[in-house]
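What follows is a set of notes on a single structure, which appears directly below.
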Amino acid sequence: MKAYVLEGIDQLEYKDVETPESREGFALVEVKAVGICGSDIPRIFETGTYHFPTIPGHEFAGVVKEVYDEEYKELVGERVGVFPLIPCRECSPCQEGKYELCRNYNYLGSRCDGGFAEYVLVPIWNLLPLPDTVSFQEAAMLEPASVARHGLSQIGEENILGKTVCIFGPGTIGLLMAQWAGIFGADKVLLVGTKEGQKDLAAKLGFTLFCNSKTEDVQEFLKANTDGEGPDIVVEGVGNDSVLSECLKAVKPGGSILLVGNPHGDVNLEKAVFWQILRKQLKLYGTWNSSYFGGMESDWTKTVEAIEEDRLKPAEQITHELEFERLKDGLNIMRERKEFCNKVMITR
Ligand SMILES: [Zn+2]
Ligand SMILES: [Zn+2]
């Protein structure tokens with residue numbers, strides 16, 4: 001099969017490799033769509049991954065081609081989404097069913113081979129059969145869409161109803177969170193970004209309250225749109241000190257901050273900003289991965305439902321769709337940022 005194999009930092013080779021053989025408990029999935037994640041860029045070009053060679057790509061969907069076990073043979077030909085995390089099932093979070101917090105997990109596309117290939121070997125448990133109305137492109141966005149849902153779930157769906165939610169960093173996850181905030185009944189969704197492309201895409205999704213922090217005063221914008229009170233819930237979707245400071249300054253007293261942006265360096269706070277956490281009695285939430293329990297109710301099944309019911313529209317965030325042979329062009333679009341992109345999707 002053809003695959004993009006990461007053989008070292010900045011050494012992604014498009015080449016022929018042996019197609020994996022299906023074995024007990026696993027299925028061979030033919031990849032039909034794979035999204036490029038923001039995290040793939042440093043993984044491929046800067047930091048590398050856990051070992052080489054590894055085939056990256058953790059946001060993918062496809063068709064089951066082969067199954068080893070007799071009892072699962074009916075899965076052959078099934079269209080599936082793929083939960084990329086393979087839990088150890090032994091550590092204490094796993095024992096509690098919190099697989100997203102597993103201490104010793106395997107992961108398709110970073111710790112073992114993933115979806116930048118024609119075929120991927122996936123544990124049966126990680127396959128989520130898809131309704132006919134969910135496209136492969138949409139299914140390849142189940143991972144970021146579930147991560148976005150999982151984030152807001154930390155605060156609780158019931159605590160978002162009727163509230164004002166502000167999202168700093170309207171990238172893929174940020175805009176998906178805006179969509180979920182709407183689904184959860186937020187009264188108002190405010191977005192703070194840095195690009196006009198983000199503003200246009202947000203408007204297309206129905207979010208017109210956008211502040212470009214490069215040209216506008218963020219605090220003034222947030223006050224103007226919340227009767228001077230500040231948003232009830234603020235999402236830090238960037239991962240740096242200046243954005244976190246803005247979040248802490250903006251949030252309403254008694255409000256909540258959700259930290260979701262991956263930091264690229266140390267995050268320091270000025271004393272006066274730190275004081276805000278105490279004096280405003282803020283609630284700080286962290287979030288990691290998403291919940292998944294096979295076919296049982298989880299962020300993943302809820303995300304499939306929301307797409308099926310046309311409430312969540314992840315495919316609207318696909319700004320680039322490229323053929324498998326052009327995957328490296330897709331990586332470069334995301335790396336160079338010369339043109340605006342939200343989700344770069346690869347299909348075959
Ligand atoms: Zn990702
Ligand atoms: Zn575990």
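Simple scheme: letters A, B, ... for chains in structure tokens order, numbers from 1 for residues in each chain, numbers from 1 for ligands in the order shown.
If you count only C-alpha atoms and ignore residues fewer than 2 places along the chain from stretch 76-84 of chain A, what sits within 8 Å of it is His58, Glu59, Phe60, Ala61, Gly62, Val63, Val64, Lys65, Glu66, Val67, Lys73, Glu74, Ile86, Tyr107, Leu108, Gly109, Val122, Asn126, Leu127, Leu128, Pro129, Leu130, Phe136, Ala139, Ala140, Leu142, Glu143 and Tyr292 of chain A.
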| How would you write, as a VMD selection string, the set of residues in stretch 119-229 of chain A that DSSP gives as alpha helix (DSSP H)? | chain A and resid 136 to 139 142 to 155 172 to 183 196 to 204 218 to 224
Take the residues that were just selected and, keeping N, CA and C atoms, output them as a tab-separated table (two decimals), in the first residue's frame.
chain	number	residue	atom	x	y	z
A	136	PHE	N	-17.81	10.56	4.86
A	136	PHE	CA	-16.47	10.22	5.36
A	136	PHE	C	-15.74	11.47	5.85
A	137	GLN	N	-15.95	12.59	5.14
A	137	GLN	CA	-15.30	13.84	5.57
A	137	GLN	C	-15.79	14.25	6.96
A	138	GLU	N	-17.10	14.16	7.15
A	138	GLU	CA	-17.64	14.49	8.47
A	138	GLU	C	-17.11	13.52	9.52
A	139	ALA	N	-17.05	12.24	9.14
A	139	ALA	CA	-16.61	11.23	10.11
A	139	ALA	C	-15.12	11.40	10.44
A	142	LEU	N	-14.83	13.53	13.45
A	142	LEU	CA	-15.43	13.08	14.72
A	142	LEU	C	-14.47	13.32	15.89
A	143	GLU	N	-13.17	13.16	15.63
A	143	GLU	CA	-12.21	13.32	16.73
A	143	GLU	C	-12.18	14.78	17.23
A	144	PRO	N	-11.85	15.76	16.38
A	144	PRO	CA	-11.86	17.14	16.90
A	144	PRO	C	-13.24	17.57	17.39
A	145	ALA	N	-14.31	17.12	16.72
A	145	ALA	CA	-15.66	17.52	17.16
A	145	ALA	C	-15.98	16.93	18.54
A	146	SER	N	-15.50	15.72	18.80
A	146	SER	CA	-15.73	15.09	20.11
A	146	SER	C	-14.86	15.75	21.18
A	147	VAL	N	-13.65	16.13	20.79
A	147	VAL	CA	-12.75	16.84	21.71
A	147	VAL	C	-13.41	18.18	22.12
A	148	ALA	N	-14.01	18.86	21.15
A	148	ALA	CA	-14.68	20.13	21.43
A	148	ALA	C	-15.86	19.91	22.37
A	149	ARG	N	-16.63	18.87	22.12
A	149	ARG	CA	-17.79	18.56	22.97
A	149	ARG	C	-17.33	18.20	24.39
A	150	HIS	N	-16.27	17.41	24.45
A	150	HIS	CA	-15.74	16.97	25.74
A	150	HIS	C	-15.31	18.17	26.59
A	151	GLY	N	-14.70	19.16	25.93
A	151	GLY	CA	-14.27	20.38	26.63
A	151	GLY	C	-15.44	21.07	27.31
A	152	LEU	N	-16.48	21.37	26.53
A	152	LEU	CA	-17.63	22.07	27.11
A	152	LEU	C	-18.36	21.20	28.13
A	153	SER	N	-18.26	19.87	27.97
A	153	SER	CA	-18.90	18.96	28.93
A	153	SER	C	-18.28	19.07	30.32
A	154	GLN	N	-17.04	19.54	30.39
A	154	GLN	CA	-16.40	19.72	31.70
A	154	GLN	C	-17.18	20.75	32.51
A	155	ILE	N	-17.66	21.78	31.81
A	155	ILE	CA	-18.45	22.81	32.47
A	155	ILE	C	-19.88	22.31	32.68
A	172	THR	N	-9.92	25.07	14.39
A	172	THR	CA	-10.82	23.93	14.18
A	172	THR	C	-11.61	23.61	15.45
A	173	ILE	N	-10.90	23.38	16.56
A	173	ILE	CA	-11.58	23.02	17.81
A	173	ILE	C	-12.43	24.20	18.31
A	174	GLY	N	-11.87	25.40	18.21
A	174	GLY	CA	-12.58	26.59	18.70
A	174	GLY	C	-13.92	26.78	18.01
A	175	LEU	N	-13.94	26.65	16.69
A	175	LEU	CA	-15.21	26.84	15.97
A	175	LEU	C	-16.16	25.67	16.22
A	176	LEU	N	-15.59	24.47	16.37
A	176	LEU	CA	-16.45	23.33	16.71
A	176	LEU	C	-17.07	23.55	18.09
A	177	MET	N	-16.30	24.16	19.00
A	177	MET	CA	-16.84	24.47	20.33
A	177	MET	C	-17.94	25.51	20.23
A	178	ALA	N	-17.74	26.49	19.34
A	178	ALA	CA	-18.79	27.50	19.14
A	178	ALA	C	-20.07	26.79	18.68
A	179	GLN	N	-19.93	25.84	17.76
A	179	GLN	CA	-21.10	25.10	17.29
A	179	GLN	C	-21.77	24.34	18.44
A	180	TRP	N	-20.95	23.68	19.27
A	180	TRP	CA	-21.51	22.93	20.42
A	180	TRP	C	-22.16	23.87	21.43
A	181	ALA	N	-21.54	25.03	21.65
A	181	ALA	CA	-22.12	25.99	22.61
A	181	ALA	C	-23.53	26.36	22.14
A	182	GLY	N	-23.68	26.56	20.83
A	182	GLY	CA	-24.99	26.85	20.25
A	182	GLY	C	-25.96	25.69	20.48
A	183	ILE	N	-25.48	24.48	20.23
A	183	ILE	CA	-26.32	23.29	20.41
A	183	ILE	C	-26.74	23.15	21.88
A	196	GLU	N	-9.05	37.64	9.39
A	196	GLU	CA	-10.32	37.94	8.74
A	196	GLU	C	-10.98	36.67	8.19
A	197	GLY	N	-10.14	35.71	7.79
A	197	GLY	CA	-10.67	34.42	7.30
A	197	GLY	C	-11.49	33.72	8.38
A	198	GLN	N	-11.03	33.81	9.62
A	198	GLN	CA	-11.77	33.22	10.75
A	198	GLN	C	-13.13	33.89	10.89
A	199	LYS	N	-13.10	35.22	10.74
A	199	LYS	CA	-14.34	36.00	10.87
A	199	LYS	C	-15.35	35.58	9.81
A	200	ASP	N	-14.89	35.42	8.56
A	200	ASP	CA	-15.78	35.04	7.46
A	200	ASP	C	-16.35	33.64	7.68
A	201	LEU	N	-15.47	32.71	8.08
A	201	LEU	CA	-15.93	31.32	8.28
A	201	LEU	C	-16.92	31.26	9.45
A	202	ALA	N	-16.61	32.01	10.53
A	202	ALA	CA	-17.51	32.04	11.69
A	202	ALA	C	-18.88	32.56	11.26
A	203	ALA	N	-18.89	33.62	10.44
A	203	ALA	CA	-20.16	34.21	9.99
A	203	ALA	C	-20.95	33.19	9.18
A	204	LYS	N	-20.24	32.42	8.35
A	204	LYS	CA	-20.89	31.39	7.53
A	204	LYS	C	-21.58	30.36	8.43
A	218	VAL	N	-10.11	44.02	22.65
A	218	VAL	CA	-10.85	42.82	23.04
A	218	VAL	C	-11.77	43.09	24.23
A	219	GLN	N	-11.22	43.72	25.29
A	219	GLN	CA	-12.02	43.94	26.50
A	219	GLN	C	-13.23	44.84	26.21
A	220	GLU	N	-13.01	45.84	25.38
A	220	GLU	CA	-14.13	46.74	25.01
A	220	GLU	C	-15.21	45.98	24.26
A	221	PHE	N	-14.77	45.12	23.33
A	221	PHE	CA	-15.70	44.32	22.53
A	221	PHE	C	-16.53	43.42	23.44
A	222	LEU	N	-15.86	42.77	24.39
A	222	LEU	CA	-16.57	41.83	25.27
A	222	LEU	C	-17.53	42.56	26.20
A	223	LYS	N	-17.11	43.69	26.71
A	223	LYS	CA	-18.01	44.50	27.57
A	223	LYS	C	-19.23	44.95	26.80
A	224	ALA	N	-18.96	45.45	25.57
A	224	ALA	CA	-20.06	45.98	24.75
A	224	ALA	C	-21.12	44.91	24.45
| Can you tell me which residues sit at most 8 Å away from ligand 2, counting only C-alpha atoms and all ligand atoms, written as number ranges by chain? | A: 87-95, 99, 101-105
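Running DSSP on the backbone gives strand (DSSP E or B) for these residues within stretch 132-238 of chain A: A:Thr164, A:Val165, A:Cys166, A:Ile167, A:Phe168, A:Lys188, A:Val189, A:Leu190, A:Leu191, A:Val192, A:Gly193, A:Phe210, A:Cys211, A:Asn212, A:Ile233, A:Val234, A:Val235, A:Glu236.
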With N, CA, C and O atoms retained, write the just-selected residues as an mmCIF file, in the first residue's frame.
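Now in out-v9.cif:
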data_model
loop_
_atom_site.group_PDB
_atom_site.id
_atom_site.type_symbol
_atom_site.label_atom_id
_atom_site.label_comp_id
_atom_site.auth_asym_id
_atom_site.auth_seq_id
_atom_site.Cartn_x
_atom_site.Cartn_y
_atom_site.Cartn_z
ATOM 1 N N THR A 164 -23.551 33.301 28.221
ATOM 2 C CA THR A 164 -22.710 33.882 27.180
ATOM 3 C C THR A 164 -21.350 33.186 27.206
ATOM 4 O O THR A 164 -20.704 33.122 28.248
ATOM 5 N N VAL A 165 -20.987 32.642 26.054
ATOM 6 C CA VAL A 165 -19.726 31.910 25.942
ATOM 7 C C VAL A 165 -18.804 32.674 25.000
ATOM 8 O O VAL A 165 -19.220 33.078 23.909
ATOM 9 N N CYS A 166 -17.573 32.879 25.446
ATOM 10 C CA CYS A 166 -16.593 33.541 24.585
ATOM 11 C C CYS A 166 -15.456 32.574 24.290
ATOM 12 O O CYS A 166 -14.931 31.933 25.202
ATOM 13 N N ILE A 167 -15.092 32.461 23.029
ATOM 14 C CA ILE A 167 -14.014 31.541 22.636
ATOM 15 C C ILE A 167 -12.852 32.321 22.034
ATOM 16 O O ILE A 167 -13.009 33.001 21.018
ATOM 17 N N PHE A 168 -11.721 32.236 22.703
ATOM 18 C CA PHE A 168 -10.480 32.819 22.180
ATOM 19 C C PHE A 168 -9.791 31.733 21.349
ATOM 20 O O PHE A 168 -9.491 30.656 21.865
ATOM 21 N N LYS A 188 -25.488 33.464 23.782
ATOM 22 C CA LYS A 188 -24.649 34.258 22.887
ATOM 23 C C LYS A 188 -23.282 33.586 22.784
ATOM 24 O O LYS A 188 -22.761 33.108 23.801
ATOM 25 N N VAL A 189 -22.716 33.571 21.584
ATOM 26 C CA VAL A 189 -21.354 33.050 21.416
ATOM 27 C C VAL A 189 -20.494 34.160 20.817
ATOM 28 O O VAL A 189 -20.798 34.677 19.732
ATOM 29 N N LEU A 190 -19.465 34.541 21.552
ATOM 30 C CA LEU A 190 -18.546 35.588 21.107
ATOM 31 C C LEU A 190 -17.221 34.944 20.717
ATOM 32 O O LEU A 190 -16.756 34.024 21.399
ATOM 33 N N LEU A 191 -16.621 35.423 19.636
ATOM 34 C CA LEU A 191 -15.356 34.840 19.188
ATOM 35 C C LEU A 191 -14.266 35.898 19.142
ATOM 36 O O LEU A 191 -14.518 37.031 18.722
ATOM 37 N N VAL A 192 -13.087 35.521 19.586
ATOM 38 C CA VAL A 192 -11.934 36.423 19.504
ATOM 39 C C VAL A 192 -10.839 35.725 18.711
ATOM 40 O O VAL A 192 -10.366 34.652 19.100
ATOM 41 N N GLY A 193 -10.482 36.295 17.574
ATOM 42 C CA GLY A 193 -9.460 35.707 16.713
ATOM 43 C C GLY A 193 -8.492 36.749 16.207
ATOM 44 O O GLY A 193 -8.450 37.878 16.721
ATOM 45 N N PHE A 210 -17.701 38.698 16.264
ATOM 46 C CA PHE A 210 -16.286 38.360 16.135
ATOM 47 C C PHE A 210 -15.428 39.581 16.394
ATOM 48 O O PHE A 210 -15.680 40.659 15.855
ATOM 49 N N CYS A 211 -14.405 39.405 17.200
ATOM 50 C CA CYS A 211 -13.465 40.494 17.464
ATOM 51 C C CYS A 211 -12.098 40.098 16.921
ATOM 52 O O CYS A 211 -11.577 39.036 17.270
ATOM 53 N N ASN A 212 -11.533 40.931 16.055
ATOM 54 C CA ASN A 212 -10.169 40.685 15.598
ATOM 55 C C ASN A 212 -9.245 41.411 16.575
ATOM 56 O O ASN A 212 -9.165 42.636 16.588
ATOM 57 N N ILE A 233 -18.711 32.312 30.486
ATOM 58 C CA ILE A 233 -17.772 31.220 30.230
ATOM 59 C C ILE A 233 -16.774 31.687 29.178
ATOM 60 O O ILE A 233 -17.175 32.223 28.141
ATOM 61 N N VAL A 234 -15.478 31.509 29.470
ATOM 62 C CA VAL A 234 -14.463 31.905 28.501
ATOM 63 C C VAL A 234 -13.564 30.711 28.210
ATOM 64 O O VAL A 234 -13.065 30.054 29.124
ATOM 65 N N VAL A 235 -13.389 30.428 26.929
ATOM 66 C CA VAL A 235 -12.557 29.306 26.501
ATOM 67 C C VAL A 235 -11.212 29.845 26.012
ATOM 68 O O VAL A 235 -11.166 30.704 25.127
ATOM 69 N N GLU A 236 -10.129 29.348 26.624
ATOM 70 C CA GLU A 236 -8.782 29.713 26.174
ATOM 71 C C GLU A 236 -8.356 28.642 25.172
ATOM 72 O O GLU A 236 -8.002 27.528 25.561
#
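For the atom pair formed by atom CA of A:Val243 and atom CA of A:Thr208, the distance is 20.8 Å, given to one decimal.
Note that atom CA of A:Leu12 and atom CA of A:His51 are 13.3 Å apart.
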Using only C-alpha atoms, which residues sit within 12 Å of stretch 273-281 of chain A once same-chain residues fewer than 4 positions away are excluded, as a compact mmCIF listing (two decimals) with all heavy atoms, in the first residue's frame?
# COMPACT_ATOMS: atom_id res chain seq x y z
N GLY A 230 -19.14 41.06 31.18
CA GLY A 230 -18.17 40.03 30.79
C GLY A 230 -18.89 38.71 30.55
O GLY A 230 -19.98 38.49 31.10
N ASP A 232 -19.96 34.73 30.76
CA ASP A 232 -20.06 33.77 31.87
C ASP A 232 -18.98 32.69 31.75
O ASP A 232 -18.45 32.21 32.74
CB ASP A 232 -21.42 33.05 31.84
CG ASP A 232 -22.59 34.01 31.91
OD1 ASP A 232 -22.81 34.57 32.98
OD2 ASP A 232 -23.27 34.21 30.87
N ASP A 241 0.28 32.98 27.47
CA ASP A 241 0.01 33.86 28.62
C ASP A 241 -0.87 35.05 28.29
O ASP A 241 -1.76 35.39 29.07
CB ASP A 241 1.28 34.39 29.30
CG ASP A 241 2.57 33.99 28.70
OD1 ASP A 241 2.62 33.93 27.45
OD2 ASP A 241 3.52 33.74 29.45
N SER A 242 -0.62 35.68 27.13
CA SER A 242 -1.36 36.91 26.88
C SER A 242 -2.84 36.60 26.67
O SER A 242 -3.70 37.34 27.13
CB SER A 242 -0.76 37.70 25.71
OG SER A 242 -0.93 37.00 24.52
N VAL A 243 -3.13 35.49 26.00
CA VAL A 243 -4.54 35.14 25.79
C VAL A 243 -5.18 34.72 27.10
O VAL A 243 -6.29 35.14 27.42
CB VAL A 243 -4.67 34.04 24.70
CG1 VAL A 243 -6.12 33.57 24.59
CG2 VAL A 243 -4.19 34.56 23.36
N LEU A 244 -4.47 33.93 27.91
CA LEU A 244 -5.03 33.53 29.20
C LEU A 244 -5.30 34.76 30.07
O LEU A 244 -6.34 34.84 30.74
CB LEU A 244 -4.08 32.55 29.92
CG LEU A 244 -4.54 32.10 31.31
CD1 LEU A 244 -5.93 31.43 31.25
CD2 LEU A 244 -3.53 31.14 31.94
N SER A 245 -4.41 35.73 30.02
CA SER A 245 -4.62 36.97 30.78
C SER A 245 -5.89 37.68 30.34
O SER A 245 -6.69 38.13 31.16
CB SER A 245 -3.43 37.92 30.61
OG SER A 245 -2.28 37.33 31.11
N GLU A 246 -6.08 37.77 29.03
CA GLU A 246 -7.29 38.42 28.50
C GLU A 246 -8.54 37.67 28.98
O GLU A 246 -9.54 38.28 29.33
CB GLU A 246 -7.28 38.43 26.95
CG GLU A 246 -6.19 39.32 26.33
CD GLU A 246 -6.44 40.82 26.48
OE1 GLU A 246 -7.54 41.20 26.94
OE2 GLU A 246 -5.54 41.61 26.16
N CYS A 247 -8.45 36.34 28.98
CA CYS A 247 -9.59 35.52 29.43
C CYS A 247 -9.93 35.82 30.88
O CYS A 247 -11.10 36.00 31.24
CB CYS A 247 -9.27 34.02 29.31
SG CYS A 247 -9.08 33.44 27.63
N LEU A 248 -8.89 35.86 31.73
CA LEU A 248 -9.10 36.07 33.17
C LEU A 248 -9.65 37.47 33.44
O LEU A 248 -10.47 37.67 34.34
CB LEU A 248 -7.81 35.83 33.93
CG LEU A 248 -7.34 34.37 33.96
CD1 LEU A 248 -5.90 34.26 34.41
CD2 LEU A 248 -8.24 33.52 34.85
N LYS A 249 -9.19 38.43 32.63
CA LYS A 249 -9.67 39.80 32.81
C LYS A 249 -11.12 39.92 32.35
O LYS A 249 -11.92 40.63 32.95
CB LYS A 249 -8.83 40.78 31.96
CG LYS A 249 -7.46 41.08 32.56
CD LYS A 249 -6.74 42.07 31.65
CE LYS A 249 -5.24 41.90 31.73
NZ LYS A 249 -4.53 42.53 30.63
N ALA A 250 -11.46 39.19 31.28
CA ALA A 250 -12.79 39.37 30.66
C ALA A 250 -13.91 38.69 31.40
O ALA A 250 -15.02 39.21 31.46
CB ALA A 250 -12.74 38.84 29.22
N VAL A 251 -13.64 37.52 31.96
CA VAL A 251 -14.72 36.68 32.49
C VAL A 251 -15.48 37.38 33.63
O VAL A 251 -14.91 38.11 34.44
CB VAL A 251 -14.17 35.29 32.92
CG1 VAL A 251 -13.26 35.40 34.13
CG2 VAL A 251 -15.28 34.29 33.17
N LYS A 252 -16.78 37.10 33.66
CA LYS A 252 -17.66 37.67 34.69
C LYS A 252 -17.31 37.09 36.06
O LYS A 252 -16.90 35.93 36.15
CB LYS A 252 -19.09 37.23 34.30
CG LYS A 252 -20.21 37.79 35.09
CD LYS A 252 -21.51 37.27 34.43
CE LYS A 252 -22.72 37.65 35.23
NZ LYS A 252 -23.94 37.25 34.49
N PRO A 253 -17.47 37.86 37.14
CA PRO A 253 -17.21 37.29 38.47
C PRO A 253 -18.06 36.02 38.69
O PRO A 253 -19.22 35.98 38.30
CB PRO A 253 -17.67 38.41 39.42
CG PRO A 253 -17.49 39.67 38.62
CD PRO A 253 -17.82 39.28 37.20
N GLY A 254 -17.43 35.01 39.27
CA GLY A 254 -18.13 33.73 39.47
C GLY A 254 -18.17 32.86 38.23
O GLY A 254 -18.76 31.78 38.25
N GLY A 255 -17.55 33.33 37.16
CA GLY A 255 -17.60 32.62 35.88
C GLY A 255 -16.60 31.48 35.76
O GLY A 255 -15.90 31.14 36.73
N SER A 256 -16.55 30.91 34.57
CA SER A 256 -15.71 29.73 34.32
C SER A 256 -14.74 29.97 33.17
O SER A 256 -15.08 30.63 32.19
CB SER A 256 -16.59 28.54 33.94
OG SER A 256 -17.51 28.26 34.96
N ILE A 257 -13.54 29.40 33.35
CA ILE A 257 -12.53 29.43 32.29
C ILE A 257 -12.26 27.98 31.89
O ILE A 257 -12.04 27.13 32.75
CB ILE A 257 -11.20 30.03 32.81
CG1 ILE A 257 -11.41 31.45 33.36
CG2 ILE A 257 -10.12 29.97 31.75
CD1 ILE A 257 -11.33 32.56 32.37
N VAL A 267 3.74 29.27 30.59
CA VAL A 267 2.63 30.23 30.66
C VAL A 267 2.72 30.95 32.00
O VAL A 267 2.56 30.35 33.06
CB VAL A 267 1.27 29.51 30.51
CG1 VAL A 267 0.12 30.50 30.63
CG2 VAL A 267 1.20 28.78 29.18
N ASN A 268 3.04 32.26 31.96
CA ASN A 268 3.20 33.05 33.19
C ASN A 268 2.08 34.07 33.31
O ASN A 268 1.60 34.59 32.32
CB ASN A 268 4.55 33.79 33.15
CG ASN A 268 5.70 32.81 33.06
OD1 ASN A 268 5.87 31.97 33.92
ND2 ASN A 268 6.48 32.90 31.97
N LEU A 269 1.72 34.36 34.54
CA LEU A 269 0.69 35.36 34.78
C LEU A 269 1.21 36.47 35.66
O LEU A 269 1.92 36.23 36.63
CB LEU A 269 -0.52 34.72 35.48
CG LEU A 269 -1.37 33.74 34.67
CD1 LEU A 269 -2.44 33.14 35.55
CD2 LEU A 269 -2.00 34.44 33.47
| Counting only C-alpha atoms and all ligand atoms, which of A:Glu24, A:Asp40, A:Glu30, A:Glu46 gets nearest to ligand 1? | A:Asp40
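When the distance limit is 8 Å and only C-alpha atoms are what count, the residues near A:Cys112, minus those fewer than 5 positions from it on the same chain, are Thr54, Ile55, Asn106 and Tyr107 of chain A.
Between atom CA of A:Pro42 and atom CA of A:His264 lies a distance of 10.2 Å.
Among the candidate residues A:Gly265, A:Gly38, A:Glu309, A:Glu336, the one lying nearest to ligand 1 is A:Gly38, with distances computed using only C-alpha atoms and all ligand atoms.
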| message | List the spatial neighbours of A:Val304 as an MDAnalysis selection string - criterion: any atom at most 8 Å away, only C-alpha atoms, same-chain residues fewer than 2 positions off excluded. | response | chainID A and resid 130 134 139 142 300:302 306:308
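Shortest atom-to-atom contact with ligand 1 among A:Lys2, A:Thr347, A:Lys283, A:Ser290: A:Ser290, counting only C-alpha atoms and all ligand atoms.
Excluding A:Ser22 itself and same-chain residues fewer than 5 positions from it, the residues having an atom within 6 Å of it are Ala27, Leu28 and Tyr68 of chain A, counting only C-alpha atoms.
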| note | For A:Arg43, the closest of A:Gln11, A:Glu118, A:Leu284, A:Ala315 counting only C-alpha atoms is A:Gln11
